[in-house]
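Source file: structure-v7.txt. Holds: compact mmCIF, C-alpha atoms and all ligand atoms.
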```txt
# COMPACT_ATOMS: atom_id res chain seq x y z
CA MET Q 1389 -6.70 2.12 -20.41
CA LYS Q 1390 -4.55 -0.83 -21.45
CA THR Q 1391 -5.23 -3.46 -24.06
CA LEU Q 1392 -3.85 -6.85 -24.93
CA GLN Q 1393 -4.54 -8.93 -28.01
CA ILE Q 1394 -5.04 -12.68 -27.53
CA LYS Q 1395 -4.65 -15.09 -30.44
CA ALA Q 1396 -6.95 -18.08 -30.05
CA THR Q 1397 -7.25 -20.76 -32.71
CA THR Q 1398 -10.80 -19.69 -33.56
CA HIS Q 1399 -10.31 -15.90 -33.52
CA GLU Q 1400 -8.35 -13.07 -31.96
CA TYR Q 1401 -9.86 -11.14 -29.09
CA GLU Q 1402 -8.96 -8.15 -27.05
CA VAL Q 1403 -8.59 -7.74 -23.31
CA VAL Q 1404 -9.27 -4.17 -22.22
CA LEU Q 1405 -8.32 -2.99 -18.72
CA GLY Q 1406 -9.44 0.36 -17.44
CA GLU Q 1407 -11.34 2.33 -14.85
CA GLY Q 1408 -15.10 2.67 -15.27
CA ILE Q 1409 -15.29 0.81 -18.57
CA ARG Q 1410 -18.33 -1.22 -17.49
CA HIS Q 1411 -20.30 1.90 -18.49
CA ARG Q 1412 -18.94 1.77 -22.03
CA ILE Q 1413 -19.39 -1.83 -23.13
CA PRO Q 1414 -21.51 -1.24 -26.27
CA GLU Q 1415 -18.90 0.97 -27.92
CA MET Q 1416 -16.28 -1.75 -27.39
CA LEU Q 1417 -18.27 -4.44 -29.18
CA GLU Q 1418 -17.41 -5.18 -32.78
CA LYS Q 1419 -20.89 -6.36 -33.76
CA ASP Q 1420 -24.39 -4.99 -33.31
CA TYR Q 1421 -26.17 -7.40 -31.04
CA GLN Q 1422 -29.93 -6.95 -30.82
CA SER Q 1423 -30.49 -9.42 -27.96
CA ILE Q 1424 -28.26 -9.55 -24.94
CA LEU Q 1425 -28.39 -11.69 -21.83
CA ILE Q 1426 -26.35 -10.49 -18.87
CA ILE Q 1427 -25.56 -13.36 -16.49
CA THR Q 1428 -24.33 -12.47 -13.03
CA ASP Q 1429 -24.57 -13.52 -9.38
CA ASP Q 1430 -26.66 -11.95 -6.64
CA GLN Q 1431 -23.71 -10.25 -4.97
CA VAL Q 1432 -22.21 -8.71 -8.11
CA SER Q 1433 -25.67 -7.72 -9.33
CA ASP Q 1434 -26.17 -5.41 -6.34
CA TYR Q 1435 -23.11 -3.43 -7.33
CA TYR Q 1436 -22.78 -3.54 -11.10
CA LEU Q 1437 -25.72 -5.05 -12.96
CA GLU Q 1438 -27.57 -1.76 -13.45
CA ASP Q 1439 -24.42 -0.01 -14.69
CA VAL Q 1440 -23.91 -2.62 -17.38
CA ARG Q 1441 -27.58 -2.85 -18.29
CA GLN Q 1442 -27.96 0.90 -18.59
CA SER Q 1443 -24.90 1.22 -20.79
CA PHE Q 1444 -27.03 -0.24 -23.64
CA THR Q 1445 -29.00 2.74 -24.86
CA GLY Q 1446 -29.48 1.74 -28.48
CA GLY Q 1447 -32.84 -0.01 -28.14
CA GLN Q 1448 -31.35 -3.51 -27.79
CA HIS Q 1449 -33.30 -6.13 -25.84
CA VAL Q 1450 -31.26 -6.52 -22.68
CA HIS Q 1451 -32.24 -9.41 -20.41
CA THR Q 1452 -30.69 -10.44 -17.12
CA ALA Q 1453 -30.26 -13.72 -15.24
CA VAL Q 1454 -29.03 -13.72 -11.67
CA VAL Q 1455 -27.81 -16.87 -9.90
CA PRO Q 1456 -26.85 -17.17 -6.22
CA SER Q 1457 -23.24 -16.17 -5.55
CA GLY Q 1458 -20.82 -18.99 -4.71
CA GLU Q 1459 -19.28 -22.06 -6.28
CA ALA Q 1460 -22.48 -24.09 -5.77
CA SER Q 1461 -24.02 -22.23 -8.71
CA LYS Q 1462 -21.58 -23.78 -11.17
CA SER Q 1463 -24.07 -26.63 -11.25
CA MET Q 1464 -26.19 -28.53 -13.72
CA GLU Q 1465 -29.32 -26.93 -12.17
CA CYS Q 1466 -28.13 -23.37 -12.77
CA TYR Q 1467 -26.87 -24.30 -16.21
CA GLU Q 1468 -30.31 -25.64 -17.07
CA GLN Q 1469 -31.99 -22.51 -15.72
CA LEU Q 1470 -29.72 -20.38 -17.88
CA LEU Q 1471 -30.54 -22.43 -20.96
CA ASP Q 1472 -34.21 -21.87 -20.11
CA ALA Q 1473 -33.52 -18.13 -19.92
CA CYS Q 1474 -31.80 -18.25 -23.34
CA THR Q 1475 -34.84 -19.90 -24.91
CA THR Q 1476 -37.38 -17.75 -23.04
CA HIS Q 1477 -35.67 -14.62 -24.32
CA GLN Q 1478 -35.33 -16.18 -27.77
CA LEU Q 1479 -31.60 -15.65 -28.05
CA ASP Q 1480 -30.33 -16.64 -31.48
CA ARG Q 1481 -26.95 -16.98 -33.15
CA ARG Q 1482 -26.63 -13.20 -33.40
CA SER Q 1483 -27.22 -12.65 -29.68
CA LEU Q 1484 -24.66 -11.97 -26.98
CA ILE Q 1485 -24.15 -13.31 -23.48
CA ILE Q 1486 -22.31 -11.11 -21.00
CA ALA Q 1487 -20.58 -12.90 -18.12
CA LEU Q 1488 -20.52 -10.25 -15.38
CA GLY Q 1489 -18.72 -11.51 -12.29
CA GLY Q 1490 -15.83 -13.55 -10.97
CA GLY Q 1491 -14.50 -16.86 -12.23
CA MET Q 1492 -17.62 -18.73 -11.16
CA ILE Q 1493 -19.83 -16.63 -13.46
CA GLY Q 1494 -17.20 -16.61 -16.21
CA ASP Q 1495 -17.14 -20.40 -16.24
CA LEU Q 1496 -20.91 -20.87 -15.92
CA ALA Q 1497 -21.99 -18.20 -18.42
CA GLY Q 1498 -19.17 -19.14 -20.79
CA PHE Q 1499 -20.22 -22.79 -20.70
CA THR Q 1500 -23.82 -21.79 -21.36
CA ALA Q 1501 -22.69 -19.67 -24.33
CA SER Q 1502 -20.52 -22.51 -25.63
CA THR Q 1503 -23.36 -25.02 -25.80
CA TYR Q 1504 -26.55 -23.02 -26.48
CA LEU Q 1505 -27.22 -23.35 -30.24
CA ARG Q 1506 -23.76 -24.99 -30.47
CA GLY Q 1507 -22.20 -21.74 -29.38
CA ILE Q 1508 -23.14 -18.06 -29.41
CA ASP Q 1509 -20.92 -15.04 -28.77
CA TYR Q 1510 -20.10 -14.03 -25.23
CA ILE Q 1511 -17.87 -11.51 -23.51
CA GLN Q 1512 -16.22 -11.69 -20.13
CA VAL Q 1513 -16.63 -8.78 -17.74
CA PRO Q 1514 -14.49 -9.97 -14.82
CA THR Q 1515 -15.04 -8.41 -11.39
CA THR Q 1516 -12.52 -10.30 -9.26
CA ILE Q 1517 -8.73 -10.38 -9.24
CA LEU Q 1518 -8.80 -14.13 -9.68
CA ALA Q 1519 -10.75 -13.66 -12.89
CA HIS Q 1520 -7.69 -12.15 -14.59
CA ASP Q 1521 -6.80 -15.81 -14.86
CA SER Q 1522 -10.18 -17.41 -15.56
CA SER Q 1523 -11.45 -14.87 -18.11
CA VAL Q 1524 -8.57 -15.52 -20.51
CA GLY Q 1525 -7.77 -18.80 -22.24
CA GLY Q 1526 -11.22 -20.07 -23.17
CA LYS Q 1527 -11.72 -22.83 -20.61
CA VAL Q 1528 -15.33 -22.87 -19.43
CA ALA Q 1529 -17.00 -25.45 -17.23
CA ILE Q 1530 -19.51 -26.43 -14.61
CA ASN Q 1531 -19.01 -28.86 -11.73
CA HIS Q 1532 -20.30 -32.39 -11.39
CA PRO Q 1533 -21.14 -33.70 -7.90
CA ARG Q 1534 -18.09 -36.00 -8.30
CA GLY Q 1535 -15.66 -33.23 -9.09
CA LYS Q 1536 -14.90 -29.70 -10.14
CA ASN Q 1537 -15.01 -28.59 -13.77
CA LEU Q 1538 -15.80 -32.09 -15.03
CA ILE Q 1539 -18.23 -30.80 -17.66
CA GLY Q 1540 -16.76 -28.16 -19.89
CA SER Q 1541 -15.38 -26.97 -23.15
CA PHE Q 1542 -12.84 -24.68 -24.77
CA PHE Q 1543 -14.68 -21.60 -25.99
CA ASN Q 1544 -13.09 -18.19 -26.25
CA PRO Q 1545 -14.91 -14.93 -25.56
CA GLN Q 1546 -15.25 -12.14 -28.13
CA LYS Q 1547 -13.77 -9.67 -25.68
CA VAL Q 1548 -12.70 -9.25 -22.07
CA VAL Q 1549 -13.74 -5.94 -20.51
CA TYR Q 1550 -11.94 -5.62 -17.18
CA ASP Q 1551 -13.17 -2.67 -15.17
CA LEU Q 1552 -10.64 -2.14 -12.38
CA GLU Q 1553 -13.09 0.00 -10.40
CA THR Q 1554 -15.07 -3.14 -9.59
CA ILE Q 1555 -12.16 -4.50 -7.54
CA ALA Q 1556 -12.84 -1.81 -4.91
CA THR Q 1557 -15.80 -3.76 -3.48
CA LEU Q 1558 -13.96 -7.08 -3.13
CA SER Q 1559 -13.42 -8.51 0.34
CA ARG Q 1560 -9.90 -8.98 1.71
CA LYS Q 1561 -10.33 -12.72 1.38
CA GLU Q 1562 -11.08 -12.40 -2.33
CA ILE Q 1563 -8.14 -10.03 -2.86
CA ARG Q 1564 -5.90 -12.59 -1.19
CA SER Q 1565 -7.41 -15.32 -3.32
CA GLY Q 1566 -6.78 -13.42 -6.54
CA TYR Q 1567 -3.19 -12.68 -5.61
CA GLY Q 1568 -2.57 -16.42 -5.18
CA GLU Q 1569 -2.91 -16.71 -8.96
CA VAL Q 1570 -1.09 -13.43 -9.61
CA ILE Q 1571 1.99 -14.58 -7.71
CA LYS Q 1572 1.81 -17.94 -9.48
CA HIS Q 1573 2.11 -16.05 -12.77
CA ALA Q 1574 5.12 -14.20 -11.37
CA PHE Q 1575 6.84 -17.43 -10.29
CA LEU Q 1576 6.23 -18.80 -13.79
CA SER Q 1577 7.71 -15.84 -15.55
CA ASP Q 1578 9.90 -13.17 -14.05
CA VAL Q 1579 12.09 -12.84 -10.97
CA ASN Q 1580 12.00 -9.02 -10.93
CA TRP Q 1581 8.24 -8.92 -10.96
CA LEU Q 1582 8.20 -11.63 -8.28
CA GLU Q 1583 10.51 -9.59 -6.07
CA SER Q 1584 8.38 -6.49 -6.38
CA LEU Q 1585 5.30 -8.56 -5.49
CA LEU Q 1586 6.98 -10.05 -2.45
CA ASP Q 1587 7.32 -6.49 -1.13
CA VAL Q 1588 3.62 -5.83 -1.55
CA SER Q 1589 1.23 -5.78 1.33
CA LEU Q 1590 -2.25 -6.49 0.01
CA ASP Q 1591 -3.75 -4.04 2.51
CA THR Q 1592 -2.07 -1.10 0.89
CA LEU Q 1593 -2.36 -2.12 -2.73
CA THR Q 1594 -2.52 0.88 -5.08
CA SER Q 1595 -4.68 0.88 -8.19
CA ARG Q 1596 -1.57 1.41 -10.26
CA GLN Q 1597 0.10 -1.69 -8.81
CA LEU Q 1598 -3.12 -3.66 -9.27
CA GLU Q 1599 -3.41 -2.67 -12.92
CA GLU Q 1600 0.22 -3.56 -13.57
CA ASP Q 1601 -0.08 -6.95 -11.82
CA LEU Q 1602 -3.28 -7.90 -13.63
CA TYR Q 1603 -1.82 -6.84 -16.96
CA ARG Q 1604 1.33 -8.87 -16.41
CA GLY Q 1605 -0.61 -11.86 -15.12
CA ILE Q 1606 -2.81 -11.85 -18.22
CA GLN Q 1607 0.28 -11.53 -20.42
CA VAL Q 1608 1.82 -14.64 -18.85
CA LYS Q 1609 -1.39 -16.62 -19.16
CA ALA Q 1610 -1.95 -15.45 -22.74
CA SER Q 1611 1.55 -16.26 -23.90
CA ILE Q 1612 1.22 -19.81 -22.60
CA VAL Q 1613 -2.30 -20.54 -23.90
CA GLU Q 1614 -1.47 -19.05 -27.29
CA LYS Q 1615 1.19 -21.68 -27.71
CA ASP Q 1616 -0.92 -24.52 -26.35
CA GLU Q 1617 -4.64 -23.79 -26.21
CA LYS Q 1618 -5.85 -27.30 -25.48
CA GLU Q 1619 -3.38 -28.26 -22.76
CA ALA Q 1620 -1.42 -30.85 -24.71
CA ASP Q 1621 1.88 -29.53 -23.51
CA ILE Q 1622 3.06 -26.29 -21.88
CA ARG Q 1623 -0.39 -25.14 -20.72
CA GLN Q 1624 0.22 -27.58 -17.89
CA TYR Q 1625 2.66 -25.05 -16.44
CA LEU Q 1626 -0.35 -22.98 -15.40
CA ASN Q 1627 -1.16 -25.79 -12.98
CA LEU Q 1628 1.80 -24.80 -10.84
CA GLY Q 1629 0.60 -25.17 -7.24
CA HIS Q 1630 -2.71 -26.64 -8.35
CA THR Q 1631 -2.21 -30.35 -7.71
CA LEU Q 1632 -2.12 -29.84 -3.96
CA ALA Q 1633 -4.59 -26.92 -4.18
CA HIS Q 1634 -7.29 -29.13 -5.71
CA ALA Q 1635 -6.65 -31.80 -3.08
CA ILE Q 1636 -6.95 -29.22 -0.27
CA GLU Q 1637 -10.13 -27.76 -1.75
CA SER Q 1638 -11.84 -31.12 -1.99
CA GLU Q 1639 -10.53 -32.31 1.38
CA LEU Q 1640 -11.78 -29.22 3.21
CA GLY Q 1641 -14.95 -28.90 1.17
CA TYR Q 1642 -15.45 -25.91 -1.10
CA GLY Q 1643 -16.23 -22.81 0.90
CA ARG Q 1644 -13.70 -23.08 3.72
CA VAL Q 1645 -10.84 -22.09 1.52
CA THR Q 1646 -10.96 -20.05 -1.67
CA HIS Q 1647 -9.36 -21.37 -4.83
CA GLY Q 1648 -6.58 -18.78 -4.84
CA GLU Q 1649 -5.77 -19.32 -1.16
CA ALA Q 1650 -5.46 -23.04 -1.84
CA VAL Q 1651 -3.22 -22.25 -4.83
CA ALA Q 1652 -1.02 -20.08 -2.62
CA LEU Q 1653 -0.52 -23.04 -0.25
CA GLY Q 1654 -0.02 -25.45 -3.15
CA LEU Q 1655 2.58 -23.10 -4.56
CA LEU Q 1656 4.59 -23.26 -1.38
CA TYR Q 1657 4.59 -27.04 -1.59
CA ALA Q 1658 5.61 -26.94 -5.27
CA LEU Q 1659 8.49 -24.60 -4.37
CA LYS Q 1660 9.67 -26.91 -1.60
CA LEU Q 1661 9.57 -29.91 -3.94
CA SER Q 1662 11.37 -27.89 -6.60
CA SER Q 1663 14.11 -27.00 -4.13
CA ARG Q 1664 14.78 -30.71 -3.64
CA LYS Q 1665 15.61 -31.03 -7.31
CA SER Q 1666 17.30 -27.72 -8.05
CA ASP Q 1667 19.75 -25.48 -6.25
CA LYS Q 1668 18.39 -22.28 -7.79
CA ASP Q 1669 17.07 -19.68 -5.35
CA LEU Q 1670 13.28 -19.85 -5.39
CA ARG Q 1671 12.79 -17.21 -2.67
CA VAL Q 1672 11.01 -19.77 -0.51
CA ASN Q 1673 11.60 -17.98 2.78
CA ASP Q 1674 10.52 -14.63 1.37
CA TYR Q 1675 7.43 -16.30 0.02
CA VAL Q 1676 6.54 -17.80 3.42
CA ASN Q 1677 6.95 -14.34 4.96
CA TRP Q 1678 4.72 -12.87 2.27
CA LEU Q 1679 2.05 -15.49 2.99
CA ARG Q 1680 2.18 -14.71 6.69
CA LYS Q 1681 2.22 -10.94 6.22
CA ASN Q 1682 -0.86 -11.15 4.03
CA GLU Q 1683 -2.64 -13.60 6.34
CA TYR Q 1684 -2.97 -16.54 4.00
CA PRO Q 1685 -4.58 -19.40 5.99
CA LEU Q 1686 -1.43 -21.42 6.67
CA ASP Q 1687 -3.04 -22.80 9.81
CA LEU Q 1688 -5.46 -24.79 7.66
CA LEU Q 1689 -2.55 -27.08 6.84
CA ARG Q 1690 -2.38 -28.16 10.44
CA GLY Q 1691 -5.64 -30.06 10.34
CA LEU Q 1692 -4.81 -31.89 7.12
CA ASP Q 1693 -3.74 -35.49 6.73
CA ALA Q 1694 -0.79 -35.80 4.31
CA GLU Q 1695 -1.68 -39.35 3.27
CA LYS Q 1696 -5.21 -38.43 2.35
CA LEU Q 1697 -3.99 -35.46 0.34
CA VAL Q 1698 -1.50 -37.55 -1.62
CA ASP Q 1699 -4.29 -40.00 -2.33
CA ARG Q 1700 -6.46 -37.19 -3.63
CA MET Q 1701 -3.65 -35.86 -5.78
CA LYS Q 1702 -3.52 -39.26 -7.48
CA TRP Q 1703 -7.14 -38.85 -8.49
CA ASP Q 1704 -6.74 -35.35 -9.85
CA LYS Q 1705 -8.10 -35.31 -13.40
CA LYS Q 1706 -4.75 -34.09 -14.65
CA THR Q 1707 -3.05 -37.20 -13.29
CA ILE Q 1708 -2.26 -39.67 -16.02
CA GLY Q 1709 -1.99 -43.39 -15.26
CA ARG Q 1710 -2.11 -42.60 -11.51
CA GLN Q 1711 1.43 -41.22 -11.58
CA ILE Q 1712 1.38 -37.73 -10.20
CA ASN Q 1713 2.76 -35.23 -12.69
CA PHE Q 1714 3.99 -32.16 -10.95
CA VAL Q 1715 4.85 -28.75 -12.28
CA LEU Q 1716 8.14 -27.73 -10.70
CA LEU Q 1717 10.52 -24.82 -11.16
CA ASP Q 1718 14.16 -24.94 -12.02
CA GLY Q 1719 14.51 -21.33 -10.96
CA VAL Q 1720 11.91 -18.56 -11.17
CA GLY Q 1721 10.55 -18.42 -14.73
CA HIS Q 1722 11.65 -21.95 -15.62
CA PRO Q 1723 8.81 -24.43 -15.16
CA TYR Q 1724 8.94 -28.10 -16.16
CA VAL Q 1725 6.78 -31.15 -15.57
CA GLN Q 1726 7.98 -34.21 -13.74
CA ALA Q 1727 6.34 -37.47 -12.67
CA MET Q 1728 6.83 -37.76 -8.92
CA ASP Q 1729 7.26 -40.62 -6.57
CA ASP Q 1730 4.51 -41.02 -3.94
CA SER Q 1731 6.96 -41.38 -1.07
CA LEU Q 1732 8.82 -38.17 -1.88
CA LEU Q 1733 5.52 -36.33 -2.16
CA LEU Q 1734 4.35 -37.67 1.15
CA ASN Q 1735 7.54 -36.86 3.04
CA GLU Q 1736 7.73 -33.32 1.73
CA LEU Q 1737 4.09 -32.69 2.46
CA LYS Q 1738 4.54 -33.89 6.04
CA CYS Q 1739 7.47 -31.48 6.38
CA VAL Q 1740 5.45 -28.54 5.04
CA ILE Q 1741 2.51 -29.30 7.31
CA GLU Q 1742 4.85 -29.62 10.28
CA GLU Q 1743 6.95 -26.53 9.55
CA VAL Q 1744 4.42 -24.06 8.24
CA GLY Q 1745 1.13 -25.27 9.65
CA ASN Q 1746 2.52 -25.10 13.16
CA GLY Q 1747 4.79 -22.12 12.67
N1 LIG Q 1801 -11.65 -21.13 -16.60
C1 LIG Q 1801 -10.48 -20.99 -16.03
O1 LIG Q 1801 -9.44 -20.99 -16.70
C2 LIG Q 1801 -10.41 -20.81 -14.54
C3 LIG Q 1801 -9.19 -20.48 -13.94
C4 LIG Q 1801 -9.18 -20.26 -12.56
C5 LIG Q 1801 -10.35 -20.37 -11.83
N2 LIG Q 1801 -11.53 -20.71 -12.46
C6 LIG Q 1801 -12.78 -20.81 -11.72
O2 LIG Q 1801 -13.06 -19.54 -11.14
C7 LIG Q 1801 -13.86 -19.72 -9.99
C8 LIG Q 1801 -13.34 -18.86 -8.87
O3 LIG Q 1801 -13.41 -17.52 -9.28
P1 LIG Q 1801 -13.51 -16.33 -8.24
O4 LIG Q 1801 -12.48 -16.51 -7.21
O5 LIG Q 1801 -13.54 -15.08 -9.01
O6 LIG Q 1801 -14.87 -16.66 -7.48
P2 LIG Q 1801 -16.35 -16.12 -7.58
O7 LIG Q 1801 -16.74 -15.78 -8.96
O8 LIG Q 1801 -17.19 -17.12 -6.86
O9 LIG Q 1801 -16.27 -14.75 -6.74
C9 LIG Q 1801 -15.93 -14.78 -5.38
C10 LIG Q 1801 -16.94 -14.01 -4.52
O10 LIG Q 1801 -16.78 -12.62 -4.75
C11 LIG Q 1801 -18.03 -12.03 -5.10
N3 LIG Q 1801 -17.69 -10.94 -6.01
C12 LIG Q 1801 -17.28 -11.02 -7.28
N4 LIG Q 1801 -16.94 -9.83 -7.75
C13 LIG Q 1801 -17.15 -8.94 -6.75
C14 LIG Q 1801 -16.95 -7.54 -6.63
N5 LIG Q 1801 -16.40 -6.82 -7.61
N6 LIG Q 1801 -17.28 -6.96 -5.47
C15 LIG Q 1801 -17.78 -7.70 -4.44
N7 LIG Q 1801 -17.95 -9.03 -4.49
C16 LIG Q 1801 -17.64 -9.64 -5.65
C17 LIG Q 1801 -18.85 -13.15 -5.69
O11 LIG Q 1801 -20.24 -12.91 -5.55
C18 LIG Q 1801 -18.39 -14.33 -4.83
O12 LIG Q 1801 -19.10 -14.35 -3.62
C19 LIG Q 1801 -13.84 -21.20 -9.67
O13 LIG Q 1801 -15.08 -21.76 -10.07
C20 LIG Q 1801 -12.72 -21.75 -10.55
O14 LIG Q 1801 -12.92 -23.08 -10.93
C21 LIG Q 1801 -11.56 -20.92 -13.80
ZN ZN Q 1802 -6.32 -21.69 -10.53
```

Mind turning the file's structure into structure tokens?
Amino acid sequence: MKTLQIKATTHEYEVVLGEGIRHRIPEMLEKDYQSILIITDDQVSDYYLEDVRQSFTGGQHVHTAVVPSGEASKSMECYEQLLDACTTHQLDRRSLIIALGGGMIGDLAGFTASTYLRGIDYIQVPTTILAHDSSVGGKVAINHPRGKNLIGSFFNPQKVVYDLETIATLSRKEIRSGYGEVIKHAFLSDVNWLESLLDVSLDTLTSRQLEEDLYRGIQVKASIVEKDEKEADIRQYLNLGHTLAHAIESELGYGRVTHGEAVALGLLYALKLSSRKSDKDLRVNDYVNWLRKNEYPLDLLRGLDAEKLVDRMKWDKKTIGRQINFVLLDGVGHPYVQAMDDSLLLNELKCVIEEVGNG
């Protein structure tokens, strides 16, 4: 078992990583909660809901709410249903919400916890690799029909209980998706870690490697959000690869590409742009080989229109005054933010689509 302490502005909380710890949640809680609502999706519930529910043996009232799996549940309808569940089960300020699932559930249940009674305690019990990213840092949100994560808040959990055993039931696509964010954290932080990751084939991932990668990824995220919780400054670095990723996700429609796969493609573009401005070795060729070896959907690029994507990037909610601010690297571990010219963005994107999409 490994632990990490995260300092948020409201309180400190612990991230615990270990095997089988979903069975031991009550002993990890610092308070005695009498009413608990476990929120999960209908895929995760088949595997892990009973384990978590049955871990509470102290006579607590344990309720459950299950939403359909998939991004579509991060909606105002599901949010409303969850608020109904909170009132039906008479949760009060001393109750606890448990977010059991991937980033979708973490965001939806966390947002519910952040607004019900102006905020009640919640814990994150992440079950995807991607959720090493989403369960830490306190951003919670639901989607609006006009865009992703448009309705949200900053609200930190009381604890993150990361049971690595749950990763065993993830599909290859979801493993790939999660590693898109893991490798982003490596590019942001440490060339040695990056090099060891570039040697990894996701098909033969060991649990030891997984634990190490998740731990390091959380460390990188935590060290950045601790310095800038509300994204005034360096938290933007975490958006490395995301400007294009968001544009690809909305262009293709959510569902055809996972978030982490889109990030992996966006990362390649960010590396190419970075190489135009810096002569440091960003391991671009090794990264392309890694993407191919692990079957990231590079061919999706082929069908995309560079002009439309640049247009979408201009409407990203992180874009200020319609100038596209990009996170670039001046070497592995050295991110910076730069406003970019549309024409440079367009030309480089055309090159990437041409080179990689058709390669
Ligand atoms: N708040 C943040 O800081 C932050 C950061 C990154 C991403 N996100 C959000 O996270 C979401 C994506 O998260 P995700 O990739 O984890 O998606 P997800 O939660 O939708 O999970 C992906 C799929 O895997 C299934 N699943 C989850 N755990 C499983 C398990 N252990 N075994 C088998 N199947 C399992 C789910 O049912 C779902 O079908 C997006 O909504 C994104 O906006 C938030
Ligand atoms: Zn992301």

At a cut-off of 12 Å from (-28.2, -0.5, -19.1) in the coordinates of the file, what residues are picked up using all atoms listed in the file, written as a VMD selection string?
-> chain Q and resid 1410 to 1414 1424 to 1426 1436 to 1452

Can you tell me which residues sit at most 6 Å away from ligand LIG 1801 (chain Q), counting all atoms listed in the file, written as a ChimeraX atom specification?
-> /Q:1429,1431-1432,1457-1459,1489-1493,1495,1515-1516,1518-1519,1521-1522,1527-1528,1554-1555,1557-1558

C-alpha atoms of the current selection, written as a CSV table (one decimal), in the frame of the given file:
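Output below, filename selection.csv:
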```csv
chain,number,residue,atom,x,y,z
Q,1429,ASP,CA,-24.6,-13.5,-9.4
Q,1431,GLN,CA,-23.7,-10.2,-5.0
Q,1432,VAL,CA,-22.2,-8.7,-8.1
Q,1457,SER,CA,-23.2,-16.2,-5.6
Q,1458,GLY,CA,-20.8,-19.0,-4.7
Q,1459,GLU,CA,-19.3,-22.1,-6.3
Q,1489,GLY,CA,-18.7,-11.5,-12.3
Q,1490,GLY,CA,-15.8,-13.6,-11.0
Q,1491,GLY,CA,-14.5,-16.9,-12.2
Q,1492,MET,CA,-17.6,-18.7,-11.2
Q,1493,ILE,CA,-19.8,-16.6,-13.5
Q,1495,ASP,CA,-17.1,-20.4,-16.2
Q,1515,THR,CA,-15.0,-8.4,-11.4
Q,1516,THR,CA,-12.5,-10.3,-9.3
Q,1518,LEU,CA,-8.8,-14.1,-9.7
Q,1519,ALA,CA,-10.8,-13.7,-12.9
Q,1521,ASP,CA,-6.8,-15.8,-14.9
Q,1522,SER,CA,-10.2,-17.4,-15.6
Q,1527,LYS,CA,-11.7,-22.8,-20.6
Q,1528,VAL,CA,-15.3,-22.9,-19.4
Q,1554,THR,CA,-15.1,-3.1,-9.6
Q,1555,ILE,CA,-12.2,-4.5,-7.5
Q,1557,THR,CA,-15.8,-3.8,-3.5
Q,1558,LEU,CA,-14.0,-7.1,-3.1
```

Nearest candidate to Ile1606 in chain Q (options Q:Gln1711, Q:Asn1677, Q:Ser1577, Q:Ser1502; using all atoms listed in the file) | Q:Ser1577

Residues within 12 Å of ligand ZN 1802 (chain Q), counting only C-alpha atoms and all ligand atoms, as an NGL selection string = :Q and (1491-1492 or 1517-1524 or 1527 or 1536-1537 or 1565-1573 or 1609 or 1624-1634 or 1637 or 1646-1655)

Print the selection's residues with C-alpha atoms to a file, as an mmCIF file, in the frame of the given file.
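Result went into result_16.cif, see below:
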```
data_model
loop_
_atom_site.group_PDB
_atom_site.id
_atom_site.type_symbol
_atom_site.label_atom_id
_atom_site.label_comp_id
_atom_site.auth_asym_id
_atom_site.auth_seq_id
_atom_site.Cartn_x
_atom_site.Cartn_y
_atom_site.Cartn_z
ATOM 1 C CA GLY Q 1491 -14.500 -16.860 -12.230
ATOM 2 C CA MET Q 1492 -17.620 -18.730 -11.160
ATOM 3 C CA ILE Q 1517 -8.730 -10.380 -9.240
ATOM 4 C CA LEU Q 1518 -8.800 -14.130 -9.680
ATOM 5 C CA ALA Q 1519 -10.750 -13.660 -12.890
ATOM 6 C CA HIS Q 1520 -7.690 -12.150 -14.590
ATOM 7 C CA ASP Q 1521 -6.800 -15.810 -14.860
ATOM 8 C CA SER Q 1522 -10.180 -17.410 -15.560
ATOM 9 C CA SER Q 1523 -11.450 -14.870 -18.110
ATOM 10 C CA VAL Q 1524 -8.570 -15.520 -20.510
ATOM 11 C CA LYS Q 1527 -11.720 -22.830 -20.610
ATOM 12 C CA LYS Q 1536 -14.900 -29.700 -10.140
ATOM 13 C CA ASN Q 1537 -15.010 -28.590 -13.770
ATOM 14 C CA SER Q 1565 -7.410 -15.320 -3.320
ATOM 15 C CA GLY Q 1566 -6.780 -13.420 -6.540
ATOM 16 C CA TYR Q 1567 -3.190 -12.680 -5.610
ATOM 17 C CA GLY Q 1568 -2.570 -16.420 -5.180
ATOM 18 C CA GLU Q 1569 -2.910 -16.710 -8.960
ATOM 19 C CA VAL Q 1570 -1.090 -13.430 -9.610
ATOM 20 C CA ILE Q 1571 1.990 -14.580 -7.710
ATOM 21 C CA LYS Q 1572 1.810 -17.940 -9.480
ATOM 22 C CA HIS Q 1573 2.110 -16.050 -12.770
ATOM 23 C CA LYS Q 1609 -1.390 -16.620 -19.160
ATOM 24 C CA GLN Q 1624 0.220 -27.580 -17.890
ATOM 25 C CA TYR Q 1625 2.660 -25.050 -16.440
ATOM 26 C CA LEU Q 1626 -0.350 -22.980 -15.400
ATOM 27 C CA ASN Q 1627 -1.160 -25.790 -12.980
ATOM 28 C CA LEU Q 1628 1.800 -24.800 -10.840
ATOM 29 C CA GLY Q 1629 0.600 -25.170 -7.240
ATOM 30 C CA HIS Q 1630 -2.710 -26.640 -8.350
ATOM 31 C CA THR Q 1631 -2.210 -30.350 -7.710
ATOM 32 C CA LEU Q 1632 -2.120 -29.840 -3.960
ATOM 33 C CA ALA Q 1633 -4.590 -26.920 -4.180
ATOM 34 C CA HIS Q 1634 -7.290 -29.130 -5.710
ATOM 35 C CA GLU Q 1637 -10.130 -27.760 -1.750
ATOM 36 C CA THR Q 1646 -10.960 -20.050 -1.670
ATOM 37 C CA HIS Q 1647 -9.360 -21.370 -4.830
ATOM 38 C CA GLY Q 1648 -6.580 -18.780 -4.840
ATOM 39 C CA GLU Q 1649 -5.770 -19.320 -1.160
ATOM 40 C CA ALA Q 1650 -5.460 -23.040 -1.840
ATOM 41 C CA VAL Q 1651 -3.220 -22.250 -4.830
ATOM 42 C CA ALA Q 1652 -1.020 -20.080 -2.620
ATOM 43 C CA LEU Q 1653 -0.520 -23.040 -0.250
ATOM 44 C CA GLY Q 1654 -0.020 -25.450 -3.150
ATOM 45 C CA LEU Q 1655 2.580 -23.100 -4.560
#
```
